[in-house]
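As provided, my_file-v3.json (JSON, C-alpha atoms and all ligand atoms) reads as follows.
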```json
[["chain", "number", "residue", "atom", "x", "y", "z"],
["A", 1, "MET", "CA", -2.71, 14.33, 36.23],
["A", 2, "ILE", "CA", -4.26, 13.01, 33.00],
["A", 3, "ARG", "CA", -2.12, 10.22, 31.56],
["A", 4, "VAL", "CA", -2.07, 10.72, 27.79],
["A", 5, "GLY", "CA", -1.02, 8.24, 25.13],
["A", 6, "VAL", "CA", -0.39, 9.36, 21.55],
["A", 7, "CYS", "CA", -1.27, 6.95, 18.76],
["A", 8, "GLY", "CA", 0.59, 7.83, 15.58],
["A", 9, "ALA", "CA", 3.30, 9.46, 17.71],
["A", 10, "ALA", "CA", 5.92, 9.29, 14.94],
["A", 11, "GLY", "CA", 3.76, 11.19, 12.45],
["A", 12, "ARG", "CA", 3.60, 14.92, 11.63],
["A", 13, "MET", "CA", 0.58, 15.56, 13.87],
["A", 14, "GLY", "CA", 1.49, 12.91, 16.47],
["A", 15, "GLY", "CA", 4.91, 14.49, 17.03],
["A", 16, "ALA", "CA", 3.36, 17.92, 17.55],
["A", 17, "VAL", "CA", 0.78, 16.45, 19.96],
["A", 18, "CYS", "CA", 3.53, 14.76, 22.04],
["A", 19, "ALA", "CA", 5.28, 18.14, 22.44],
["A", 20, "ALA", "CA", 2.00, 19.94, 23.26],
["A", 21, "VAL", "CA", 1.02, 17.38, 25.91],
["A", 22, "GLU", "CA", 4.49, 17.59, 27.49],
["A", 23, "ALA", "CA", 4.16, 21.38, 27.66],
["A", 24, "ALA", "CA", 0.58, 21.42, 29.03],
["A", 25, "GLU", "CA", -0.32, 21.67, 32.72],
["A", 26, "GLY", "CA", -2.24, 18.84, 34.37],
["A", 27, "MET", "CA", -1.33, 16.11, 31.90],
["A", 28, "GLU", "CA", 1.65, 13.90, 31.16],
["A", 29, "LEU", "CA", 2.82, 12.09, 28.05],
["A", 30, "ALA", "CA", 2.54, 8.56, 29.43],
["A", 31, "ALA", "CA", 3.08, 6.49, 26.27],
["A", 32, "LYS", "CA", 3.51, 6.57, 22.50],
["A", 33, "ALA", "CA", 2.26, 4.04, 19.94],
["A", 34, "ASP", "CA", 3.28, 3.82, 16.31],
["A", 35, "PRO", "CA", 4.52, 0.96, 14.11],
["A", 36, "ALA", "CA", 7.40, 3.29, 13.21],
["A", 37, "LEU", "CA", 8.40, 3.18, 16.92],
["A", 38, "ASP", "CA", 7.75, -0.59, 17.20],
["A", 39, "THR", "CA", 5.04, -0.01, 19.82],
["A", 40, "GLU", "CA", 1.48, -1.19, 19.35],
["A", 41, "LEU", "CA", -1.52, 0.61, 20.77],
["A", 42, "ALA", "CA", -2.66, -2.53, 22.66],
["A", 43, "ALA", "CA", 0.61, -2.52, 24.62],
["A", 44, "ILE", "CA", 0.08, 0.96, 26.12],
["A", 45, "LEU", "CA", -3.64, 0.97, 26.97],
["A", 46, "ASP", "CA", -3.13, -0.06, 30.60],
["A", 47, "ARG", "CA", -0.94, 3.03, 31.20],
["A", 48, "VAL", "CA", -3.20, 5.83, 29.92],
["A", 49, "ASP", "CA", -6.48, 7.63, 30.64],
["A", 50, "VAL", "CA", -6.82, 9.24, 27.21],
["A", 51, "ILE", "CA", -5.51, 8.28, 23.77],
["A", 52, "VAL", "CA", -5.03, 10.97, 21.13],
["A", 53, "ASP", "CA", -5.16, 9.38, 17.66],
["A", 54, "PHE", "CA", -3.67, 11.00, 14.55],
["A", 55, "THR", "CA", -2.99, 7.98, 12.35],
["A", 56, "THR", "CA", -4.45, 6.83, 9.02],
["A", 57, "PRO", "CA", -8.01, 6.38, 7.71],
["A", 58, "ASP", "CA", -7.64, 2.57, 7.60],
["A", 59, "THR", "CA", -6.58, 2.18, 11.25],
["A", 60, "ALA", "CA", -8.41, 4.92, 13.19],
["A", 61, "LEU", "CA", -11.69, 3.03, 13.68],
["A", 62, "ASP", "CA", -10.00, -0.14, 15.01],
["A", 63, "ASN", "CA", -7.75, 1.98, 17.25],
["A", 64, "ALA", "CA", -10.73, 3.83, 18.74],
["A", 65, "ALA", "CA", -12.66, 0.58, 19.25],
["A", 66, "ALA", "CA", -9.70, -0.98, 21.12],
["A", 67, "CYS", "CA", -9.44, 2.08, 23.41],
["A", 68, "LEU", "CA", -13.15, 2.24, 24.18],
["A", 69, "ARG", "CA", -13.30, -1.51, 24.92],
["A", 70, "ALA", "CA", -10.46, -0.99, 27.40],
["A", 71, "GLY", "CA", -12.27, 1.97, 29.06],
["A", 72, "VAL", "CA", -9.80, 4.53, 27.70],
["A", 73, "HIS", "CA", -11.21, 7.86, 26.41],
["A", 74, "VAL", "CA", -10.35, 8.84, 22.84],
["A", 75, "VAL", "CA", -9.56, 12.19, 21.23],
["A", 76, "LEU", "CA", -9.55, 11.49, 17.53],
["A", 77, "GLY", "CA", -8.25, 13.78, 14.80],
["A", 78, "THR", "CA", -7.68, 11.28, 12.00],
["A", 79, "THR", "CA", -9.90, 11.97, 8.98],
["A", 80, "GLY", "CA", -11.15, 10.05, 5.97],
["A", 81, "PHE", "CA", -13.02, 7.13, 7.57],
["A", 82, "ASP", "CA", -16.68, 6.34, 8.30],
["A", 83, "LEU", "CA", -17.82, 8.47, 11.27],
["A", 84, "ASP", "CA", -21.19, 6.65, 11.45],
["A", 85, "ALA", "CA", -19.37, 3.36, 12.09],
["A", 86, "LEU", "CA", -17.37, 5.08, 14.84],
["A", 87, "ARG", "CA", -20.56, 6.51, 16.36],
["A", 88, "GLU", "CA", -21.97, 2.96, 16.66],
["A", 89, "VAL", "CA", -18.79, 1.67, 18.28],
["A", 90, "ALA", "CA", -18.59, 4.67, 20.63],
["A", 91, "GLU", "CA", -22.20, 4.56, 21.76],
["A", 92, "ALA", "CA", -21.77, 0.90, 22.76],
["A", 93, "GLY", "CA", -18.36, 1.53, 24.38],
["A", 94, "GLY", "CA", -17.18, 1.96, 27.95],
["A", 95, "ALA", "CA", -15.53, 5.41, 27.62],
["A", 96, "ASN", "CA", -15.98, 8.70, 25.75],
["A", 97, "CYS", "CA", -14.94, 9.46, 22.19],
["A", 98, "PHE", "CA", -14.38, 13.02, 20.96],
["A", 99, "VAL", "CA", -13.78, 13.61, 17.25],
["A", 100, "ALA", "CA", -12.90, 16.82, 15.46],
["A", 101, "PRO", "CA", -12.16, 17.02, 11.75],
["A", 102, "ASN", "CA", -10.31, 20.24, 12.55],
["A", 103, "PHE", "CA", -8.84, 21.30, 15.90],
["A", 104, "ALA", "CA", -7.90, 24.84, 14.78],
["A", 105, "ILE", "CA", -10.09, 27.57, 16.27],
["A", 106, "GLY", "CA", -9.97, 29.55, 13.01],
["A", 107, "ALA", "CA", -11.38, 26.64, 11.03],
["A", 108, "VAL", "CA", -14.17, 26.17, 13.58],
["A", 109, "LEU", "CA", -15.02, 29.88, 13.33],
["A", 110, "LEU", "CA", -15.02, 29.61, 9.52],
["A", 111, "MET", "CA", -17.65, 26.85, 9.81],
["A", 112, "GLU", "CA", -19.74, 28.98, 12.21],
["A", 113, "VAL", "CA", -19.60, 32.06, 9.96],
["A", 114, "ALA", "CA", -20.34, 29.95, 6.86],
["A", 115, "GLN", "CA", -23.61, 28.75, 8.41],
["A", 116, "THR", "CA", -24.70, 32.35, 9.06],
["A", 117, "ILE", "CA", -23.81, 33.42, 5.51],
["A", 118, "ALA", "CA", -25.58, 30.39, 3.99],
["A", 119, "ARG", "CA", -28.90, 31.53, 5.45],
["A", 120, "HIS", "CA", -28.68, 34.68, 3.28],
["A", 121, "MET", "CA", -26.47, 33.56, 0.34],
["A", 122, "PRO", "CA", -27.09, 29.80, -0.03],
["A", 123, "GLU", "CA", -25.16, 29.04, -3.26],
["A", 124, "CYS", "CA", -21.53, 28.20, -2.51],
["A", 125, "GLU", "CA", -18.47, 26.19, -3.43],
["A", 126, "ILE", "CA", -15.75, 24.79, -1.15],
["A", 127, "VAL", "CA", -12.07, 24.69, -2.11],
["A", 128, "GLU", "CA", -9.77, 22.85, 0.29],
["A", 129, "LEU", "CA", -5.98, 22.85, -0.11],
["A", 130, "HIS", "CA", -3.55, 20.50, 1.69],
["A", 131, "HIS", "CA", 0.00, 19.16, 1.58],
["A", 132, "ASP", "CA", 0.61, 16.48, -1.04],
["A", 133, "ARG", "CA", 0.99, 13.59, 1.44],
["A", 134, "LYS", "CA", -2.57, 13.87, 2.75],
["A", 135, "LEU", "CA", -4.28, 10.49, 2.16],
["A", 136, "ASP", "CA", -7.96, 11.50, 1.97],
["A", 137, "ALA", "CA", -9.89, 13.86, -0.32],
["A", 138, "PRO", "CA", -12.02, 15.83, 0.13],
["A", 139, "SER", "CA", -10.78, 16.71, 3.61],
["A", 140, "GLY", "CA", -12.75, 15.88, 6.76],
["A", 141, "THR", "CA", -13.06, 19.62, 7.42],
["A", 142, "ALA", "CA", -14.56, 20.25, 3.98],
["A", 143, "LYS", "CA", -17.08, 17.41, 4.38],
["A", 144, "ARG", "CA", -18.08, 18.71, 7.83],
["A", 145, "THR", "CA", -18.35, 22.29, 6.51],
["A", 146, "ALA", "CA", -20.60, 21.08, 3.67],
["A", 147, "GLU", "CA", -22.78, 19.16, 6.14],
["A", 148, "LEU", "CA", -23.18, 22.20, 8.42],
["A", 149, "ILE", "CA", -23.87, 24.60, 5.53],
["A", 150, "GLY", "CA", -26.46, 22.14, 4.17],
["A", 151, "ALA", "CA", -28.18, 21.91, 7.56],
["A", 152, "ALA", "CA", -28.28, 25.73, 7.70],
["A", 153, "GLY", "CA", -30.15, 25.86, 4.37],
["A", 154, "GLY", "CA", -27.19, 26.38, 2.04],
["A", 155, "ALA", "CA", -26.53, 24.65, -1.28],
["A", 156, "VAL", "CA", -22.94, 23.43, -1.58],
["A", 157, "HIS", "CA", -22.14, 22.76, -5.24],
["A", 158, "GLU", "CA", -20.54, 19.39, -6.07],
["A", 159, "PRO", "CA", -17.76, 18.50, -6.17],
["A", 160, "ILE", "CA", -15.76, 19.93, -3.30],
["A", 161, "HIS", "CA", -12.45, 21.01, -4.89],
["A", 162, "SER", "CA", -9.31, 19.42, -3.45],
["A", 163, "VAL", "CA", -5.85, 20.86, -4.15],
["A", 164, "ARG", "CA", -2.76, 18.83, -3.09],
["A", 165, "LEU", "CA", 0.62, 20.55, -3.34],
["A", 166, "PRO", "CA", 3.94, 20.61, -1.48],
["A", 167, "GLY", "CA", 4.28, 23.74, 0.66],
["A", 168, "LEU", "CA", 0.65, 23.73, 1.81],
["A", 169, "VAL", "CA", -0.41, 22.69, 5.35],
["A", 170, "ALA", "CA", -4.25, 22.89, 5.67],
["A", 171, "HIS", "CA", -6.36, 25.61, 4.04],
["A", 172, "GLN", "CA", -10.00, 26.08, 3.12],
["A", 173, "GLU", "CA", -12.04, 28.69, 1.28],
["A", 174, "VAL", "CA", -15.82, 28.86, 0.99],
["A", 175, "ILE", "CA", -17.04, 31.12, -1.81],
["A", 176, "PHE", "CA", -20.67, 32.25, -1.69],
["A", 177, "GLY", "CA", -22.29, 33.72, -4.79],
["A", 178, "GLY", "CA", -25.37, 35.96, -4.88],
["A", 179, "GLU", "CA", -26.83, 38.47, -7.30],
["A", 180, "GLY", "CA", -24.01, 40.75, -8.44],
["A", 181, "GLN", "CA", -21.72, 39.77, -5.55],
["A", 182, "THR", "CA", -19.57, 37.07, -4.02],
["A", 183, "LEU", "CA", -18.39, 36.61, -0.44],
["A", 184, "SER", "CA", -15.32, 34.47, 0.37],
["A", 185, "VAL", "CA", -14.23, 33.20, 3.77],
["A", 186, "ARG", "CA", -10.85, 31.53, 4.10],
["A", 187, "HIS", "CA", -8.84, 29.85, 6.82],
["A", 188, "ASP", "CA", -5.15, 28.93, 6.63],
["A", 189, "SER", "CA", -3.32, 26.65, 9.04],
["A", 190, "ILE", "CA", 0.26, 27.59, 8.21],
["A", 191, "ASP", "CA", 1.72, 25.53, 11.06],
["A", 192, "ARG", "CA", 0.52, 22.40, 12.91],
["A", 193, "ALA", "CA", 0.78, 24.47, 16.11],
["A", 194, "SER", "CA", -2.65, 25.84, 15.10],
["A", 195, "PHE", "CA", -4.26, 22.52, 16.08],
["A", 196, "MET", "CA", -2.60, 22.07, 19.49],
["A", 197, "PRO", "CA", -4.72, 24.29, 21.80],
["A", 198, "GLY", "CA", -7.81, 22.44, 20.51],
["A", 199, "VAL", "CA", -6.23, 19.02, 21.07],
["A", 200, "VAL", "CA", -5.12, 19.94, 24.62],
["A", 201, "LEU", "CA", -8.62, 21.30, 25.40],
["A", 202, "ALA", "CA", -10.20, 18.07, 24.15],
["A", 203, "VAL", "CA", -7.83, 15.96, 26.28],
["A", 204, "ARG", "CA", -8.89, 17.96, 29.36],
["A", 205, "ARG", "CA", -12.60, 17.73, 28.59],
["A", 206, "VAL", "CA", -13.18, 14.29, 27.03],
["A", 207, "ALA", "CA", -13.69, 12.34, 30.29],
["A", 208, "GLY", "CA", -16.42, 14.75, 31.47],
["A", 209, "LEU", "CA", -18.47, 14.93, 28.27],
["A", 210, "PRO", "CA", -22.18, 14.11, 28.72],
["A", 211, "ASP", "CA", -22.34, 11.83, 25.66],
["A", 212, "ARG", "CA", -20.28, 8.81, 24.65],
["A", 213, "PHE", "CA", -19.75, 10.30, 21.15],
["A", 214, "THR", "CA", -19.15, 13.99, 20.41],
["A", 215, "VAL", "CA", -18.17, 15.58, 17.09],
["A", 216, "GLY", "CA", -16.75, 19.08, 16.61],
["A", 217, "LEU", "CA", -14.52, 21.42, 18.61],
["A", 218, "GLU", "CA", -17.39, 23.93, 18.74],
["A", 219, "LYS", "CA", -19.04, 21.61, 21.33],
["A", 220, "LEU", "CA", -16.20, 22.40, 23.76],
["A", 221, "LEU", "CA", -16.12, 26.18, 23.32],
["B", 301, "LIG", "N1", -8.35, 16.97, 13.00],
["B", 301, "LIG", "C1", -7.38, 17.83, 12.67],
["B", 301, "LIG", "O1", -7.36, 19.01, 13.11],
["B", 301, "LIG", "C2", -6.28, 17.36, 11.77],
["B", 301, "LIG", "C3", -5.21, 18.21, 11.43],
["B", 301, "LIG", "C4", -4.18, 17.72, 10.63],
["B", 301, "LIG", "C5", -4.23, 16.39, 10.20],
["B", 301, "LIG", "N2", -5.30, 15.61, 10.53],
["B", 301, "LIG", "C6", -5.37, 14.19, 10.16],
["B", 301, "LIG", "O2", -4.49, 13.47, 11.02],
["B", 301, "LIG", "C7", -4.08, 12.27, 10.38],
["B", 301, "LIG", "C8", -2.56, 12.14, 10.50],
["B", 301, "LIG", "O3", -1.94, 13.15, 9.72],
["B", 301, "LIG", "P1", -0.35, 13.27, 9.67],
["B", 301, "LIG", "O4", -0.06, 14.35, 8.68],
["B", 301, "LIG", "O5", 0.22, 13.35, 11.06],
["B", 301, "LIG", "O6", 0.04, 11.84, 9.03],
["B", 301, "LIG", "P2", 1.44, 11.08, 9.11],
["B", 301, "LIG", "O7", 1.45, 10.13, 7.95],
["B", 301, "LIG", "O8", 2.57, 12.05, 9.26],
["B", 301, "LIG", "O9", 1.35, 10.24, 10.48],
["B", 301, "LIG", "C9", 0.55, 9.11, 10.68],
["B", 301, "LIG", "C10", 1.28, 8.20, 11.66],
["B", 301, "LIG", "O10", 0.39, 7.16, 12.06],
["B", 301, "LIG", "C11", 1.17, 5.98, 12.20],
["B", 301, "LIG", "N3", 0.29, 4.81, 12.21],
["B", 301, "LIG", "C12", -0.25, 4.15, 11.16],
["B", 301, "LIG", "N4", -0.99, 3.12, 11.59],
["B", 301, "LIG", "C13", -0.92, 3.14, 12.95],
["B", 301, "LIG", "C14", -1.48, 2.30, 13.98],
["B", 301, "LIG", "N5", -2.27, 1.25, 13.68],
["B", 301, "LIG", "N6", -1.19, 2.59, 15.27],
["B", 301, "LIG", "C15", -0.40, 3.63, 15.57],
["B", 301, "LIG", "N7", 0.16, 4.46, 14.65],
["B", 301, "LIG", "C16", -0.10, 4.20, 13.35],
["B", 301, "LIG", "C17", 2.15, 6.04, 11.02],
["B", 301, "LIG", "O11", 3.28, 5.17, 11.22],
["B", 301, "LIG", "C18", 2.53, 7.52, 11.05],
["B", 301, "LIG", "O12", 3.67, 7.75, 11.88],
["B", 301, "LIG", "C19", -4.62, 12.35, 8.95],
["B", 301, "LIG", "O13", -5.82, 11.61, 8.86],
["B", 301, "LIG", "C20", -4.92, 13.83, 8.76],
["B", 301, "LIG", "O14", -5.92, 14.09, 7.81],
["B", 301, "LIG", "C21", -6.30, 16.08, 11.29]]
```
Take the structure in the file and give it back as structure tokens.
Amino acid sequence: MIRVGVCGAAGRMGGAVCAAVEAAEGMELAAKADPALDTELAAILDRVDVIVDFTTPDTALDNAAACLRAGVHVVLGTTGFDLDALREVAEAGGANCFVAPNFAIGAVLLMEVAQTIARHMPECEIVELHHDRKLDAPSGTAKRTAELIGAAGGAVHEPIHSVRLPGLVAHQEVIFGGEGQTLSVRHDSIDRASFMPGVVLAVRRVAGLPDRFTVGLEKLL
């Protein structure tokens, strides 16, 4: 039984993760941390094997560092903070850290397909659309997509376009333009349930990963 703690348990994603962990085989929801529940992360670390963090950009790095110092593996979905700083902390830490800017399989496939397209139609623009309470812009998914397209030889035009509106969840379109044609690929998360199979998979796999620091759900597929 993997003992899972959820950091940010009172939030939109944290609440969905608590339910997904409770429903999954081979793991139990051992503890929740969130200032909104009056429980600090430090108080639950001795009761868990893995912490899943969906909090805020200003707390995620410190949360991960506290877990890794305590020998607790981390599955981190929070976006909008410095991943290089986290890499440094994780590589010096005593447990594994898995980070994904997007846990939805459709978004991961969009990134894969975009790299293939970029080899043939390099010029592109990214439009990401999210609910109006999202704290960071552009989204972690858009930044990661741009990085992967760039590495595949594509040219992502600046800036990445960020739309924030009520009614949206998490959406992204990449539009490629070539001579006399365009090609658009789009992914829509219309419910936070889209992220849960990826989160549960990461919880199962994080302890056995070969590296201290791993980025991207595609590494687990
Ligand atoms: N990787 C993905 O697939 C994915 C998908 C959706 C959202 N996200 C990201 O997840 C994060 C959370 O999104 P949300 O919509 O659930 O936000 P939210 O505002 O609904 O929830 C955040 C929660 O974190 C809590 N929190 C703040 N500081 C904390 C701390 N130090 N310790 C414990 N809890 C703390 C808050 O009280 C709040 O309940 C954002 O960064 C968002 O971009 C990632």
Note to self: Give me the residues near Val169 of chain A as a list in words, where near means some atom within 12 Å (using only C-alpha atoms) and where sequence neighbours in that chain fewer than 5 positions away do not count.
What the structure shows: Arg12, Met13, Glu128, Leu129, His130, His131, Asp132, Arg133, Lys134, Val163, Arg164, His187, Asp188, Ser189, Ile190, Asp191, Arg192, Ala193, Ser194 and Phe195 of chain A
Note to self: If the limit is 6 Å from any atom of ligand LIG 301 (chain B), counting only C-alpha atoms and all ligand atoms, which residues qualify? Return them as a PyMOL selection string.
What the structure shows: chain A and resi 7-8+10-14+33-36+41+54-57+59+77-79+100-103+195
For segment 35-134 of chain A versus segment 202-215 of chain A, which residues have an atom no more than 8 Å away, and what is each residue's nearest atom pair and distance in Å rounded to one decimal, using only C-alpha atoms, chain-then-number order, as JSON lines?
```
{"residue": "A:Val50", "atom": "CA", "partner": "A:Val203", "partner_atom": "CA", "distance": 6.9}
{"residue": "A:Val52", "atom": "CA", "partner": "A:Val203", "partner_atom": "CA", "distance": 7.7}
{"residue": "A:His73", "atom": "CA", "partner": "A:Ala207", "partner_atom": "CA", "distance": 6.4}
{"residue": "A:Val74", "atom": "CA", "partner": "A:Val206", "partner_atom": "CA", "distance": 7.4}
{"residue": "A:Val75", "atom": "CA", "partner": "A:Val203", "partner_atom": "CA", "distance": 6.5}
{"residue": "A:Arg87", "atom": "CA", "partner": "A:Phe213", "partner_atom": "CA", "distance": 6.2}
{"residue": "A:Ala90", "atom": "CA", "partner": "A:Phe213", "partner_atom": "CA", "distance": 5.8}
{"residue": "A:Glu91", "atom": "CA", "partner": "A:Arg212", "partner_atom": "CA", "distance": 5.5}
{"residue": "A:Gly93", "atom": "CA", "partner": "A:Arg212", "partner_atom": "CA", "distance": 7.5}
{"residue": "A:Ala95", "atom": "CA", "partner": "A:Arg212", "partner_atom": "CA", "distance": 6.6}
{"residue": "A:Asn96", "atom": "CA", "partner": "A:Arg212", "partner_atom": "CA", "distance": 4.4}
{"residue": "A:Cys97", "atom": "CA", "partner": "A:Phe213", "partner_atom": "CA", "distance": 5.0}
{"residue": "A:Phe98", "atom": "CA", "partner": "A:Thr214", "partner_atom": "CA", "distance": 4.9}
{"residue": "A:Val99", "atom": "CA", "partner": "A:Val215", "partner_atom": "CA", "distance": 4.8}
{"residue": "A:Ala100", "atom": "CA", "partner": "A:Val215", "partner_atom": "CA", "distance": 5.7}
```
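Here atom CA of Val72 of chain A and atom CA of Glu25 of chain A stand 20.2 Å from one another.
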Check: Between atom CA of Gly216 of chain A and atom CA of Ala92 of chain A, what is the spacing in Å?
Finding: 19.8 Å
Check: Which is closest to Gly154 of chain A among A:Ser139, A:His120, A:Leu110, A:Pro166, if we use all atoms listed in the file?
Finding: A:His120
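Minimum atom-to-atom distance to Lys219 of chain A, evaluated using only C-alpha atoms, belongs to A:Val108 out of A:Val108, A:Ala70, A:Ala118, A:Ala155.
Using all atoms listed in the file, the smallest distance between any of A:Ala114, A:Gly140, A:Cys124, A:Met1 and Asp82 of chain A comes from A:Gly140.
Within 8 Å of the point (-16.5, 27.0, 2.6), and counting all atoms listed in the file, the protein, DNA and RNA residues are Leu110, Met111, Ala114, Cys124, Glu125, Ile126, Val127, Ala142, Thr145, Ala146, Gln172, Glu173, Val174, Ile175, Phe176, Ser184, Val185 and Arg186 of chain A.
Residue nearest Asp49 of chain A, chosen from A:Ala104, A:Ser162, A:Glu88, A:Gly71 and counting all atoms listed in the file: A:Gly71.
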Note to self: Between atom CA of Gly106 of chain A and atom CA of Gly178 of chain A, what distance in Å does the model show, to one decimal?
What the structure shows: 24.5 Å
Item checked: Shortest interatomic distance to Glu218 of chain A - which of A:Ala24, A:Ile105, A:Val48, A:Leu135, counting only C-alpha atoms -> A:Ile105
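Closest approach to Val113 of chain A from the set A:Ala152, A:Ile2, A:Arg47, A:Glu179 is made by A:Ala152, with distances taken over only C-alpha atoms.
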Next item on the list: Compile the contact shell of Val89 of chain A as a list in words: residues with an atom at most 10 Å away, counting only C-alpha atoms, same-chain residues fewer than 4 positions apart removed.
Entry: Leu61, Asp62, Ala64, Ala65, Ala66, Leu68, Arg69, Leu83, Asp84, Ala85, Gly93, Gly94, Cys97, Arg212 and Phe213 of chain A
